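The structure under discussion appears below in the form of structure tokens.
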Amino acid sequence: MSISLEGRTAIVTGGGTGLGLGYAQTLAEAGAAVAVTGRRQEPLDECVEAIEKSGGKALAITCDQRSREQVEAAVQAVVDWQGKVDILVNNAGIYPPGPMIAVEEEQWLDVMDTNVNGPFRFSQICARIMAQHNWGRIINILSPSAILGFVMVGAYGTSKGALGSMTRIMAAEFGPMGITVNSLTPGVSATETFVGLYSEAGVDLMAKGLPLGRACENEDTTAALLLLASEEGGYITGSNVCIDGGMTNTFKLG
């Protein structure tokens with residue numbers, strides 16, 4: 001099955017680096033016009049340049065999703081650019097490691113504002129636009145830590161658990177408006193952030209412990225992302241697709 005997103009407009013938050021960069025490129029290759037948002041302009045510009053070199057349409061928008069004002073301005077810029085928003089990928093998030101007993105309240109609140117309130121802001125504003133056309137796709141990026149009790153990621157895991165709950169609630173409320181809301185859960189990924197925290201050797205060690213024995217690559221997420229973003233995935237909502245090499249739903253003995 002070949003999926004086309006010709007005529008669709010997408011927003012990928014945190015689309016300048018890591019898996020978000022891959023999501024943006026995947027949607028653009030399928031024909032969507034893609035706006036990428038993030039706090040740093042340089043990686044966003046590089047993403048846009050790469051997409052345009054491949055013949056796609058892209059727009060870079062600097063946006064701190066902790067600010068309602070900036071999110072509203074970013075979405076309006078996309079509407080001014082393409083006239084609508086069809087697809088939203090809530091990928092942006094921060095990942096400060098640390099034990100629950102030691103995390104500072106200021107840091108905890110910053111994680112929640114970025115990882116929970118940010119997707120809420122983008123989703124609410126975009127859903128109001130999608131509802132006007134009775135068509136929309138919202139895809140939230142989770143983590144196995146939203147489901148499993150991992151140590152040292154208390155704030156991050158809690159925020160992703162909340163985002164999972166938000167996904168199901170929005171799916172129930174937005175369905176009558178023609179909007180589906182789902183989530184993707186990639187597992188151990190050799191992104192710049194993950195490697196920076198755990199080192200290449202640490203990421204490799206974690207990946208080798210998975211049933212499939214390797215880290216998640218951008219290509220592994222392509223099929224699921226495109227399905228959830230497309231017309232073909234229109235009867236899937238409130239679901240979570242784990243692309244984690246078996247991390248969440250299996251347990252290896254020995």
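Chain identifiers are assigned as A, B, and so on, following the order in which chains appear in the structure tokens; residues are numbered from 1 within each chain, and ligands are numbered from 1 in order of appearance.
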Self-check item: Who sits within 7 Å of Pro99 (chain A), only C-alpha atoms, same chain under 5 positions skipped, as JSON, numbers by chain
Solution: {"A": [151, 152, 153, 154]}
Quiz prompt | Surrounding residues of region 230-242 of chain A excluding itself and chain neighbours under 4 positions, 10 Å, only C-alpha atoms, as a count of residues only | solution = 49
Exercise. Could you give me, as an MDAnalysis selection string, each residue of region 4-239 of chain A that DSSP assigns to strand (DSSP E or B) when run on this structure's backbone?
Key: chainID A and resid 9:13 33:38 58:62 87:90 98 136:141 153 179:186 189 216
Exercise. Go ahead and compute the interatomic distance for CA of Glu200 (chain A) and CA of Ala155 (chain A), in Å to one decimal.
Key: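 Answer for the CA of Glu200 (chain A) to CA of Ala155 (chain A) separation: 23.4 Å.
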Find the residues around Arg66 (chain A) up to 9 Å (only C-alpha atoms counted), leave out those fewer than 4 positions away in its own chain, and share them as a short mmCIF file (atom, residue, chain, number, x, y, z; two decimals) with N, CA and C atoms, in the first residue's frame.
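In the end it all went to selection_37.cif:
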data_model
loop_
_atom_site.label_atom_id
_atom_site.label_comp_id
_atom_site.auth_asym_id
_atom_site.auth_seq_id
_atom_site.Cartn_x
_atom_site.Cartn_y
_atom_site.Cartn_z
N GLN A 70 3.18 32.08 21.75
CA GLN A 70 4.06 31.61 20.68
C GLN A 70 3.44 30.45 19.90
N VAL A 71 2.72 29.57 20.58
CA VAL A 71 2.05 28.46 19.89
C VAL A 71 0.97 29.00 18.97
N ASP A 110 8.81 22.60 34.78
CA ASP A 110 9.26 22.90 33.43
C ASP A 110 9.02 21.71 32.50
N ASP A 113 5.29 21.53 31.81
CA ASP A 113 4.84 22.61 30.92
C ASP A 113 5.25 22.33 29.48
N THR A 114 6.45 21.78 29.31
CA THR A 114 6.94 21.48 27.97
C THR A 114 6.29 20.24 27.39
N ASN A 115 6.27 19.15 28.15
CA ASN A 115 5.89 17.83 27.62
C ASN A 115 4.39 17.54 27.69
N ASN A 117 1.74 20.40 28.76
CA ASN A 117 1.01 21.60 28.39
C ASN A 117 1.29 22.03 26.96
N GLY A 118 2.52 21.83 26.50
CA GLY A 118 2.86 22.19 25.13
C GLY A 118 2.01 21.42 24.11
N ARG A 121 -1.54 22.67 24.20
CA ARG A 121 -1.73 23.95 23.50
C ARG A 121 -1.81 23.74 21.99
#
Quiz prompt | Shortest interatomic distance to Ala73 (chain A) - which of A:Ser159, A:Ser189, A:Asn218, A:Thr37, counting only C-alpha atoms | solution =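 Distance minimum relative to Ala73 (chain A) lands on A:Thr37.
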Practice problem: Find the residue from A:Val103, A:Ile129, A:Val188, A:Val75 that sits nearest to Glu217 (chain A); use only C-alpha atoms when measuring. | Solution: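 The closest residue to Glu217 (chain A) is A:Val188.
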Exercise. Would you mind telling me which residue in A:Leu44, A:Ala77, A:Ala229, A:Ala32 lies nearest to Gly56 (chain A) when using only C-alpha atoms?
Key: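 Ranked by minimum distance to Gly56 (chain A), first place goes to A:Ala32.
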